[in-house]
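Reproduced below: target17.csv, with CSV, C-alpha atoms and all ligand atoms.
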chain,number,residue,atom,x,y,z
A,4,MET,CA,28.6,99.4,129.0
A,5,LYS,CA,28.4,96.0,127.4
A,6,ARG,CA,31.9,94.6,126.7
A,7,ILE,CA,32.3,92.7,123.5
A,8,THR,CA,35.3,90.4,123.3
A,9,LEU,CA,37.1,89.5,120.1
A,10,THR,CA,35.6,86.0,120.4
A,11,GLN,CA,32.1,87.4,120.6
A,12,TYR,CA,32.7,89.7,117.7
A,13,LEU,CA,34.0,86.9,115.5
A,14,VAL,CA,31.2,84.5,116.4
A,15,GLU,CA,28.8,87.2,115.5
A,16,GLN,CA,30.5,87.7,112.1
A,17,GLN,CA,30.3,84.0,111.6
A,18,ARG,CA,26.6,83.6,112.5
A,19,LYS,CA,25.0,86.8,111.2
A,20,LYS,CA,27.1,87.8,108.3
A,21,GLN,CA,28.8,84.6,107.2
A,22,ALA,CA,31.8,86.9,106.9
A,23,VAL,CA,34.2,84.3,108.5
A,24,SER,CA,34.3,80.5,108.5
A,25,ALA,CA,34.8,78.7,111.8
A,26,GLU,CA,38.4,78.1,110.7
A,27,VAL,CA,39.2,81.7,110.1
A,28,ARG,CA,37.6,82.7,113.4
A,29,LEU,CA,39.9,80.3,115.2
A,30,LEU,CA,42.9,81.4,113.2
A,31,ILE,CA,42.3,85.0,114.0
A,32,GLU,CA,41.8,84.2,117.7
A,33,THR,CA,45.1,82.3,117.7
A,34,VAL,CA,47.0,85.1,116.0
A,35,ALA,CA,45.5,87.6,118.6
A,36,ARG,CA,46.6,85.3,121.4
A,37,ALA,CA,50.1,85.2,120.0
A,38,CYS,CA,50.0,89.1,119.7
A,39,LYS,CA,49.1,89.2,123.4
A,40,ALA,CA,52.2,87.0,124.2
A,41,ILE,CA,54.4,89.2,121.9
A,42,GLY,CA,53.1,92.4,123.6
A,43,HIS,CA,53.9,90.8,127.0
A,44,THR,CA,57.4,89.9,125.9
A,45,VAL,CA,58.0,93.4,124.4
A,46,GLY,CA,56.8,94.9,127.8
A,47,LYS,CA,59.6,93.2,129.7
A,48,GLY,CA,62.2,95.2,127.9
A,49,ALA,CA,65.7,95.2,129.5
A,50,LEU,CA,64.4,93.2,132.5
A,51,GLY,CA,63.5,90.3,130.2
A,52,GLY,CA,66.8,90.4,128.3
A,53,VAL,CA,64.9,90.8,125.1
A,54,LEU,CA,66.5,94.0,123.7
A,55,GLY,CA,69.4,94.3,121.3
A,56,SER,CA,70.5,92.4,118.3
A,57,LEU,CA,71.1,88.7,117.7
A,58,GLY,CA,73.9,89.3,115.3
A,59,THR,CA,72.2,87.2,112.6
A,60,GLU,CA,70.8,88.4,109.3
A,61,ASN,CA,67.3,87.6,107.9
A,62,VAL,CA,66.8,86.7,104.3
A,63,GLN,CA,66.8,90.4,103.2
A,64,GLY,CA,70.2,91.0,104.8
A,65,GLU,CA,68.8,92.9,107.8
A,66,ILE,CA,70.3,92.4,111.2
A,67,GLN,CA,67.7,90.5,113.3
A,68,LYS,CA,66.8,91.8,116.7
A,69,LYS,CA,66.1,89.4,119.5
A,70,LEU,CA,62.5,90.4,119.5
A,71,ASP,CA,62.2,89.8,115.7
A,72,VAL,CA,63.1,86.2,116.3
A,73,LEU,CA,61.2,85.7,119.5
A,74,SER,CA,58.0,87.1,118.0
A,75,ASN,CA,58.4,84.9,114.9
A,76,GLU,CA,58.7,81.9,117.1
A,77,ILE,CA,55.7,82.8,119.2
A,78,LEU,CA,53.6,83.1,116.0
A,79,LEU,CA,54.8,79.9,114.5
A,80,GLU,CA,54.3,77.9,117.7
A,81,ALA,CA,50.8,79.3,118.4
A,82,ASN,CA,49.6,78.6,114.9
A,83,GLU,CA,51.1,75.3,114.1
A,84,TRP,CA,48.8,72.9,115.9
A,85,GLY,CA,45.3,74.5,115.4
A,86,GLY,CA,44.5,72.6,112.3
A,87,HIS,CA,43.3,75.6,110.3
A,88,LEU,CA,46.5,76.3,108.3
A,89,ALA,CA,48.4,74.7,105.4
A,90,ALA,CA,51.5,76.9,105.8
A,91,MET,CA,52.9,80.2,107.0
A,92,ALA,CA,55.3,82.7,105.6
A,93,SER,CA,57.2,85.4,107.5
A,94,GLU,CA,59.3,88.4,106.8
A,95,GLU,CA,61.9,86.8,109.1
A,96,MET,CA,62.1,83.4,107.3
A,97,GLU,CA,63.7,82.7,104.0
A,98,THR,CA,61.0,80.3,102.8
A,99,ILE,CA,57.6,79.1,103.8
A,100,HIS,CA,56.9,77.1,106.9
A,101,ARG,CA,54.6,74.1,106.2
A,102,ILE,CA,52.5,72.7,109.0
A,103,PRO,CA,54.4,69.6,110.3
A,104,ASN,CA,52.9,66.2,109.5
A,105,ARG,CA,52.1,65.6,113.2
A,106,TYR,CA,49.4,68.2,113.0
A,107,PRO,CA,46.2,68.3,110.9
A,108,LYS,CA,46.3,70.8,108.1
A,109,GLY,CA,43.7,73.4,107.1
A,110,GLU,CA,42.9,75.4,104.0
A,111,TYR,CA,44.4,78.8,104.9
A,112,LEU,CA,47.8,80.5,104.6
A,113,LEU,CA,49.0,82.9,107.2
A,114,LEU,CA,51.6,85.6,106.4
A,115,PHE,CA,53.2,88.0,109.0
A,116,ASP,CA,55.7,90.6,109.8
A,117,PRO,CA,56.2,89.4,113.4
A,118,LEU,CA,57.7,92.6,114.7
A,119,ASP,CA,57.3,95.7,112.6
A,120,GLY,CA,59.3,98.8,113.4
A,121,SER,CA,62.3,96.9,114.7
A,122,SER,CA,64.5,100.1,114.8
A,123,ASN,CA,62.2,101.4,117.5
A,124,ILE,CA,62.5,98.4,119.9
A,125,ASP,CA,65.5,99.6,121.8
A,126,VAL,CA,64.3,103.1,122.1
A,127,ASN,CA,60.9,102.2,123.6
A,128,VAL,CA,58.7,103.5,120.8
A,129,SER,CA,55.6,101.7,119.7
A,130,ILE,CA,56.1,98.6,117.5
A,131,GLY,CA,53.7,95.9,116.3
A,132,THR,CA,52.7,92.8,114.4
A,133,ILE,CA,51.1,92.7,110.9
A,134,PHE,CA,49.3,89.7,109.5
A,135,SER,CA,47.4,88.6,106.4
A,136,VAL,CA,45.3,85.5,105.7
A,137,LEU,CA,44.9,83.9,102.3
A,138,HIS,CA,43.1,80.7,101.0
A,139,ALA,CA,45.4,77.9,100.1
A,140,PRO,CA,44.4,77.4,96.4
A,141,HIS,CA,45.0,73.8,95.8
A,142,HIS,CA,44.3,72.4,99.2
A,143,ALA,CA,41.6,70.1,97.9
A,144,SER,CA,44.0,68.3,95.5
A,145,GLY,CA,45.9,67.1,98.6
A,146,ARG,CA,49.4,68.1,97.3
A,147,GLU,CA,51.9,69.9,99.4
A,148,VAL,CA,51.6,73.7,99.6
A,149,ASP,CA,54.5,75.6,97.9
A,150,GLU,CA,55.7,79.1,97.8
A,151,GLN,CA,53.8,79.7,94.5
A,152,ASP,CA,50.5,79.2,96.4
A,153,PHE,CA,51.3,82.4,98.5
A,154,LEU,CA,51.7,84.6,95.4
A,155,GLN,CA,48.2,85.9,95.3
A,156,ALA,CA,47.2,89.5,94.8
A,157,GLY,CA,46.2,91.4,98.0
A,158,ALA,CA,42.6,91.6,96.8
A,159,GLN,CA,42.3,87.9,97.5
A,160,GLN,CA,43.0,88.3,101.3
A,161,VAL,CA,40.4,86.7,103.6
A,162,ALA,CA,41.4,88.8,106.6
A,163,ALA,CA,44.2,91.1,107.7
A,164,GLY,CA,45.1,92.9,110.9
A,165,TYR,CA,47.8,94.4,113.0
A,166,ALA,CA,48.6,94.8,116.7
A,167,VAL,CA,50.3,97.9,118.1
A,168,TYR,CA,52.4,97.5,121.3
A,169,GLY,CA,52.3,101.0,122.7
A,170,PRO,CA,50.9,102.8,125.7
A,171,GLN,CA,48.0,100.5,125.1
A,172,SER,CA,48.0,97.3,123.1
A,173,THR,CA,45.5,97.5,120.3
A,174,LEU,CA,44.4,95.1,117.6
A,175,VAL,CA,42.9,96.3,114.3
A,176,LEU,CA,41.2,93.8,112.1
A,177,THR,CA,39.2,93.4,108.9
A,178,VAL,CA,37.5,90.3,107.5
A,179,GLY,CA,36.2,92.3,104.6
A,180,THR,CA,33.2,93.9,106.4
A,181,GLY,CA,34.8,97.2,107.5
A,182,VAL,CA,37.5,97.7,110.1
A,183,VAL,CA,37.2,97.2,113.9
A,184,GLY,CA,39.6,97.9,116.7
A,185,PHE,CA,40.1,96.1,120.1
A,186,THR,CA,42.0,97.2,123.1
A,187,LEU,CA,43.8,94.6,125.4
A,188,ASP,CA,42.3,94.5,128.8
A,189,ARG,CA,45.6,93.7,130.6
A,190,GLU,CA,43.9,92.6,133.8
A,191,MET,CA,41.5,90.2,132.1
A,192,GLY,CA,43.9,89.3,129.3
A,193,SER,CA,41.2,89.7,126.7
A,194,TRP,CA,40.8,91.9,123.6
A,195,ILE,CA,37.7,94.2,124.0
A,196,LEU,CA,36.0,95.9,121.1
A,197,THR,CA,36.6,99.6,121.4
A,198,SER,CA,36.1,100.9,117.8
A,199,GLU,CA,33.1,99.4,116.0
A,200,SER,CA,33.6,101.0,112.6
A,201,ILE,CA,36.9,102.7,111.8
A,202,THR,CA,36.8,105.1,108.9
A,203,ILE,CA,39.5,107.4,107.5
A,204,PRO,CA,38.5,111.0,106.8
A,205,GLU,CA,38.8,111.7,103.0
A,206,GLN,CA,40.7,115.0,103.4
A,207,THR,CA,43.7,115.5,105.5
A,208,ALA,CA,46.4,118.0,106.4
A,209,GLU,CA,49.0,115.6,107.7
A,210,PHE,CA,51.6,113.6,105.9
A,211,ALA,CA,54.1,110.9,107.0
A,212,ILE,CA,57.3,110.3,105.0
A,213,ASN,CA,60.9,109.9,105.9
A,214,MET,CA,62.1,113.3,104.7
A,215,SER,CA,65.8,112.3,104.9
A,216,ASN,CA,65.2,110.5,101.6
A,217,MET,CA,64.0,113.6,99.8
A,218,ARG,CA,66.9,113.8,97.4
A,219,HIS,CA,66.2,110.3,96.1
A,220,TRP,CA,62.5,110.7,95.5
A,221,GLU,CA,60.9,110.4,92.1
A,222,ALA,CA,59.3,113.6,90.7
A,223,PRO,CA,55.6,112.9,91.5
A,224,VAL,CA,56.4,112.4,95.2
A,225,LYS,CA,58.6,115.5,95.3
A,226,ARG,CA,55.9,117.5,93.7
A,227,TYR,CA,53.3,116.5,96.2
A,228,ILE,CA,55.5,117.0,99.3
A,229,ASP,CA,56.6,120.4,97.9
A,230,GLU,CA,53.0,121.4,97.6
A,231,CYS,CA,52.3,120.2,101.2
A,232,LEU,CA,55.3,122.2,102.4
A,233,ALA,CA,54.1,125.3,100.5
A,234,GLY,CA,51.2,125.4,102.9
A,235,LYS,CA,48.3,127.9,102.6
A,236,GLU,CA,50.1,129.9,99.9
A,237,GLY,CA,50.7,126.8,97.8
A,238,PRO,CA,48.3,125.0,95.3
A,239,LEU,CA,46.8,122.8,98.0
A,240,GLY,CA,45.7,125.9,100.0
A,241,LYS,CA,46.3,124.5,103.5
A,242,ASP,CA,49.0,124.2,106.1
A,243,TYR,CA,50.2,120.6,106.5
A,244,ASN,CA,51.6,119.0,109.6
A,245,MET,CA,54.1,116.1,109.5
A,246,ARG,CA,54.6,112.9,111.6
A,247,TRP,CA,57.0,110.0,111.1
A,248,ILE,CA,57.2,107.4,113.8
A,249,ALA,CA,59.2,104.9,111.7
A,250,SER,CA,56.9,102.0,112.7
A,251,MET,CA,54.5,101.4,109.9
A,252,VAL,CA,51.9,100.0,112.4
A,253,SER,CA,51.9,103.2,114.4
A,254,ASP,CA,51.9,105.5,111.4
A,255,VAL,CA,49.0,103.6,109.9
A,256,HIS,CA,47.2,103.5,113.2
A,257,ARG,CA,47.4,107.3,113.5
A,258,ILE,CA,46.0,107.6,110.0
A,259,LEU,CA,43.1,105.3,110.8
A,260,THR,CA,42.5,107.3,113.9
A,261,ARG,CA,42.6,110.9,112.6
A,262,GLY,CA,43.4,110.7,108.8
A,263,GLY,CA,46.5,111.5,106.9
A,264,ILE,CA,48.7,110.1,104.2
A,265,PHE,CA,51.6,107.6,104.7
A,266,MET,CA,54.3,107.2,102.1
A,267,TYR,CA,57.2,104.9,101.8
A,268,PRO,CA,57.7,105.4,98.1
A,269,ARG,CA,60.1,103.7,95.8
A,270,ASP,CA,63.0,106.0,95.0
A,271,LYS,CA,65.9,106.5,92.6
A,272,ARG,CA,68.5,104.6,94.7
A,273,SER,CA,69.3,101.1,93.5
A,274,SER,CA,68.2,99.9,96.9
A,275,GLY,CA,65.0,101.9,96.7
A,276,LYS,CA,63.8,101.3,93.2
A,277,ASN,CA,61.3,98.7,94.4
A,278,GLY,CA,60.5,100.5,97.6
A,279,LYS,CA,61.4,99.4,101.1
A,280,LEU,CA,58.3,97.8,102.5
A,281,ARG,CA,57.3,94.2,101.8
A,282,LEU,CA,54.2,93.6,99.6
A,283,MET,CA,53.1,90.4,101.3
A,284,TYR,CA,53.7,91.2,105.0
A,285,GLU,CA,53.2,95.0,105.1
A,286,ALA,CA,51.7,96.6,102.0
A,287,ASN,CA,48.9,94.1,101.3
A,288,PRO,CA,47.5,93.7,104.8
A,289,MET,CA,47.7,97.5,105.5
A,290,SER,CA,46.1,98.3,102.1
A,291,PHE,CA,43.2,95.9,102.7
A,292,ILE,CA,42.6,97.6,106.1
A,293,VAL,CA,42.9,101.1,104.7
A,294,GLU,CA,40.5,100.4,101.8
A,295,GLN,CA,38.0,98.8,104.1
A,296,ALA,CA,38.2,102.0,106.2
A,297,GLY,CA,37.3,104.1,103.1
A,298,GLY,CA,40.9,105.1,102.3
A,299,ALA,CA,43.1,104.2,99.3
A,300,ALA,CA,46.5,102.5,98.8
A,301,VAL,CA,48.7,102.7,95.7
A,302,ASP,CA,52.3,102.0,94.8
A,303,GLY,CA,52.5,105.1,92.7
A,304,ALA,CA,50.2,104.9,89.6
A,305,HIS,CA,48.5,101.5,90.6
A,306,ARG,CA,46.4,100.0,93.3
A,307,ILE,CA,48.5,97.9,95.6
A,308,LEU,CA,45.8,95.2,96.1
A,309,ASP,CA,45.8,94.5,92.3
A,310,THR,CA,49.6,93.8,92.3
A,311,GLN,CA,50.4,90.3,91.2
A,312,PRO,CA,53.3,89.2,93.4
A,313,GLY,CA,56.3,87.6,91.7
A,314,ALA,CA,58.2,86.6,94.9
A,315,LEU,CA,57.4,86.1,98.5
A,316,HIS,CA,59.7,88.8,99.8
A,317,GLN,CA,59.0,91.3,97.1
A,318,ARG,CA,59.1,95.0,98.0
A,319,ILE,CA,56.8,97.8,96.8
A,320,GLY,CA,56.3,101.5,97.1
A,321,VAL,CA,53.5,102.4,99.5
A,322,ILE,CA,51.3,105.4,99.5
A,323,LEU,CA,48.2,105.0,101.6
A,324,GLY,CA,45.6,106.8,103.7
A,325,SER,CA,43.0,109.5,103.1
A,326,LYS,CA,41.4,108.9,99.7
A,327,ALA,CA,41.5,112.4,98.2
A,328,GLU,CA,45.2,112.8,99.0
A,329,VAL,CA,46.2,109.4,97.8
A,330,GLU,CA,44.3,109.9,94.6
A,331,ARG,CA,46.1,113.2,94.1
A,332,VAL,CA,49.5,111.5,94.4
A,333,GLN,CA,48.4,108.7,92.2
A,334,ARG,CA,47.3,111.3,89.5
A,335,TYR,CA,50.8,112.9,89.7
A,336,HIS,CA,52.3,109.5,89.0
A,337,GLN,CA,49.9,108.9,86.1
A,338,GLU,CA,50.7,112.3,84.6
A,339,ALA,CA,54.4,111.7,84.9
A,340,SER,CA,54.3,108.3,83.2
B,1,LIG,P1,60.9,96.4,109.7
B,1,LIG,O1,59.8,95.5,109.3
B,1,LIG,O2,62.3,95.8,109.5
B,1,LIG,O3,60.7,97.0,111.0
B,1,LIG,O4,61.0,97.6,108.6
B,1,LIG,C1,59.8,98.3,108.3
B,1,LIG,C2,59.8,99.7,108.9
B,1,LIG,C3,58.4,100.3,108.9
B,1,LIG,O5,57.7,99.9,110.0
B,1,LIG,C4,58.6,101.8,108.8
B,1,LIG,O6,57.6,102.5,108.1
B,1,LIG,C5,59.9,101.9,108.0
B,1,LIG,O7,60.6,100.6,108.2
B,1,LIG,C6,60.8,102.9,108.6
B,1,LIG,O8,62.0,103.0,107.8
B,1,LIG,P2,63.1,104.2,107.9
B,1,LIG,O9,63.9,103.8,109.1
B,1,LIG,O10,63.8,104.1,106.6
B,1,LIG,O11,62.3,105.5,108.2
B,2,MG,MG,58.0,95.6,109.0

Show me this structure written as structure tokens.
Ligand code: AHM
Ligand code: MG
Amino acid sequence: MKRITLTQYLVEQQRKKQAVSAEVRLLIETVARACKAIGHTVGKGALGGVLGSLGTENVQGEIQKKLDVLSNEILLEANEWGGHLAAMASEEMETIHRIPNRYPKGEYLLLFDPLDGSSNIDVNVSIGTIFSVLHAPHHASGREVDEQDFLQAGAQQVAAGYAVYGPQSTLVLTVGTGVVGFTLDREMGSWILTSESITIPEQTAEFAINMSNMRHWEAPVKRYIDECLAGKEGPLGKDYNMRWIASMVSDVHRILTRGGIFMYPRDKRSSGKNGKLRLMYEANPMSFIVEQAGGAAVDGAHRILDTQPGALHQRIGVILGSKAEVERVQRYHQEAS
């Protein structure tokens, strides 16, 4: 079997389809290299002294794990000097990180959740990295990039992807020409193409939601999950299964592999009224990937990728996966409003 590496795949996208510029190609390769390093660090576990908390809080008041901070540093260092970026933003940093003056600057912006699923680190369950690439809008004018430049709707993304550090390390990627998946060859240290065209089945009988929040849900979400739980005898006419890994990367990866619907909806709590997941680092990149795979992604009544962000660390309700199911939940929201 001919093995296609990430580099070969990207060169092909650049040559044949003009889907990526040389800069984006290098940028994705750099992110993928950083993910390899993060995966390696994650794999050391207790032996590498990387487990546990740091005792510090990030900008959203969440306790930072050692691996949150290490992964953030790995991504910053890997991407600083390549010359393809104007600035970066991360779930773990209060404000944007401009490329220091000692390095050349490029015309792209990189956003990431360096280590998604932090609550699973210490219990040895799959975690991952999520990233999103945008154009820096005013690069040509030569002024300094600011936070405002990052506030673009998800539909503007140039590329998005995620890595899962699990039994295998996998990298899933879109540059707007469908979704592809790579598996890390740990002996050779290279990402090898293992899924040429990932598509999500339209129908599903599997849902993923944190059921412990049920009493806080808004009516349309409650309605849908009640119908799922009613099984064959209910209005949906089939028995549903449930999964909740609590690492968005892994939950979304399962949906890309065998279909399903993932929900982290906003809810009635004061802390939940805007949702839990972050628009720029989690919802947008995953929605781009899911749509490119033939699925759908909404915040309730509206498409996530059309959301105009108002702040870098903004949160949003997330409902994504198999198209028919997501559209049903979207309809329930529209009917209720
Ligand atoms: P994190 O980026 O701090 O790890 O938080 C995001 C994670 C998602 O990966 C996952 O879907 C969700 O939080 C799980 O939340 P909960 O523990 O409430 O089920
Ligand atoms: Mg996260």

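Proximity of A:Glu205, A:Glu285, A:Glu97, A:Glu330 to ligand LIG 1 (chain B), computed with only C-alpha atoms and all ligand atoms, is greatest for A:Glu285.
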
*Enter the distance from atom CA of A:Thr173 to atom CA of A:Val53, in Å, rounded to one decimal.*
21.1 Å

List every residue of chain A that has an atom at most 7 Å from any atom of ligand LIG 1 (chain B), giving for each one its closest atom pair and the distance in Å to one decimal, counting only C-alpha atoms and all ligand atoms, sorted by chain and then by ascending residue number, as a tab-separated table.
residue	atom	partner	partner_atom	distance
A:Asp116	CA	B:LIG1	O1	6.4
A:Leu118	CA	B:LIG1	O1	6.5
A:Asp119	CA	B:LIG1	O3	4.0
A:Gly120	CA	B:LIG1	O3	3.3
A:Ser121	CA	B:LIG1	O3	4.0
A:Ser122	CA	B:LIG1	O3	6.2
A:Asn213	CA	B:LIG1	O11	5.2
A:Ala249	CA	B:LIG1	C6	4.0
A:Ser250	CA	B:LIG1	O5	3.5
A:Met251	CA	B:LIG1	O5	3.5
A:Val252	CA	B:LIG1	O5	6.3
A:Tyr267	CA	B:LIG1	O6	6.8
A:Leu280	CA	B:LIG1	C1	6.0

Output file for the selection above: C-alpha atoms, as an mmCIF file, keeping the file's coordinate frame:
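Written file, out.cif:
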data_model
loop_
_atom_site.group_PDB
_atom_site.id
_atom_site.type_symbol
_atom_site.label_atom_id
_atom_site.label_comp_id
_atom_site.auth_asym_id
_atom_site.auth_seq_id
_atom_site.Cartn_x
_atom_site.Cartn_y
_atom_site.Cartn_z
ATOM 1 C CA ASP A 116 55.700 90.600 109.800
ATOM 2 C CA LEU A 118 57.700 92.600 114.700
ATOM 3 C CA ASP A 119 57.300 95.700 112.600
ATOM 4 C CA GLY A 120 59.300 98.800 113.400
ATOM 5 C CA SER A 121 62.300 96.900 114.700
ATOM 6 C CA SER A 122 64.500 100.100 114.800
ATOM 7 C CA ASN A 213 60.900 109.900 105.900
ATOM 8 C CA ALA A 249 59.200 104.900 111.700
ATOM 9 C CA SER A 250 56.900 102.000 112.700
ATOM 10 C CA MET A 251 54.500 101.400 109.900
ATOM 11 C CA VAL A 252 51.900 100.000 112.400
ATOM 12 C CA TYR A 267 57.200 104.900 101.800
ATOM 13 C CA LEU A 280 58.300 97.800 102.500
#

A:Arg6 environment, 12 Å, all atoms listed in the file, sequence neighbours closer than 4 positions dropped, as a JSON list (two decimals) with C-alpha atoms, in the coordinates of the input:
[["chain", "number", "residue", "atom", "x", "y", "z"],
["A", 10, "THR", "CA", 35.60, 86.00, 120.40],
["A", 11, "GLN", "CA", 32.10, 87.40, 120.60],
["A", 12, "TYR", "CA", 32.70, 89.70, 117.70],
["A", 185, "PHE", "CA", 40.10, 96.10, 120.10],
["A", 186, "THR", "CA", 42.00, 97.20, 123.10],
["A", 187, "LEU", "CA", 43.80, 94.60, 125.40],
["A", 188, "ASP", "CA", 42.30, 94.50, 128.80],
["A", 191, "MET", "CA", 41.50, 90.20, 132.10],
["A", 193, "SER", "CA", 41.20, 89.70, 126.70],
["A", 194, "TRP", "CA", 40.80, 91.90, 123.60],
["A", 195, "ILE", "CA", 37.70, 94.20, 124.00],
["A", 196, "LEU", "CA", 36.00, 95.90, 121.10],
["A", 197, "THR", "CA", 36.60, 99.60, 121.40],
["A", 198, "SER", "CA", 36.10, 100.90, 117.80],
["A", 199, "GLU", "CA", 33.10, 99.40, 116.00]]

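Restricting the calculation to all atoms listed in the file, the smallest distance between ligand MG 2 (chain B) and any of A:Glu94, A:Arg269, A:Gly157, A:Asn244 is found for A:Glu94.
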
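Checking A:Ala300, A:Ala22, A:Met283, A:Ile322 one by one against ligand MG 2 (chain B), counting all atoms listed in the file, you find the shortest gap at A:Met283.
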
_Sel. within 9 Å of pt (52.5, 103.3, 91.3), counting all atoms listed in the file, output as a PyMOL selection string_ = chain A and resi 268-269+301-307+319-322+333+336-337

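Each of A:Glu15, A:Glu95, A:Glu236, A:Asp254 was compared to A:Lys69 using all atoms listed in the file, and A:Glu95 turns out to be the nearest.
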
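Between atom CA of A:Thr207 and atom CA of A:Ser325 lies a distance of 6.5 Å.
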
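Minimum atom-to-atom distance to A:Met289, evaluated using all atoms listed in the file, belongs to A:Tyr165 out of A:Tyr335, A:Tyr243, A:Tyr165, A:Tyr227.
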
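Going from atom CA of A:Ser93 to atom CA of A:Phe115 covers 5.0 Å.
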
*Using all atoms listed in the file, which of the listed residues (A:His138, A:Arg146, A:His316, A:Lys5) sits closest to A:Asn277?*
A:His316

*For A:Gly46, list every protein, DNA or RNA residue within 10 Å, evaluated using only C-alpha atoms, and leave out those in the same chain fewer than 6 positions away; present the list as a VMD selection string.*
chain A and resid 40 53 127 168 to 169

Write the residues you've just listed into a file as a PDB file, in the coordinates of the input, and include C-alpha atoms for each of them.
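So part_11.pdb came out as:
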ATOM      1  CA  ALA A  40      52.200  87.000 124.200  1.00  0.00           C
ATOM      2  CA  VAL A  53      64.900  90.800 125.100  1.00  0.00           C
ATOM      3  CA  ASN A 127      60.900 102.200 123.600  1.00  0.00           C
ATOM      4  CA  TYR A 168      52.400  97.500 121.300  1.00  0.00           C
ATOM      5  CA  GLY A 169      52.300 101.000 122.700  1.00  0.00           C
TER       6      GLY A 169
END

*Quick one: residues within 10 Å of A:Met96, all atoms listed in the file counted, chain neighbours fewer than 4 positions away excluded, as a list in words?*
Asn61, Val62, Gln63, Val72, Asn75, Met91, Ala92, His100, Asp116 and His316 of chain A
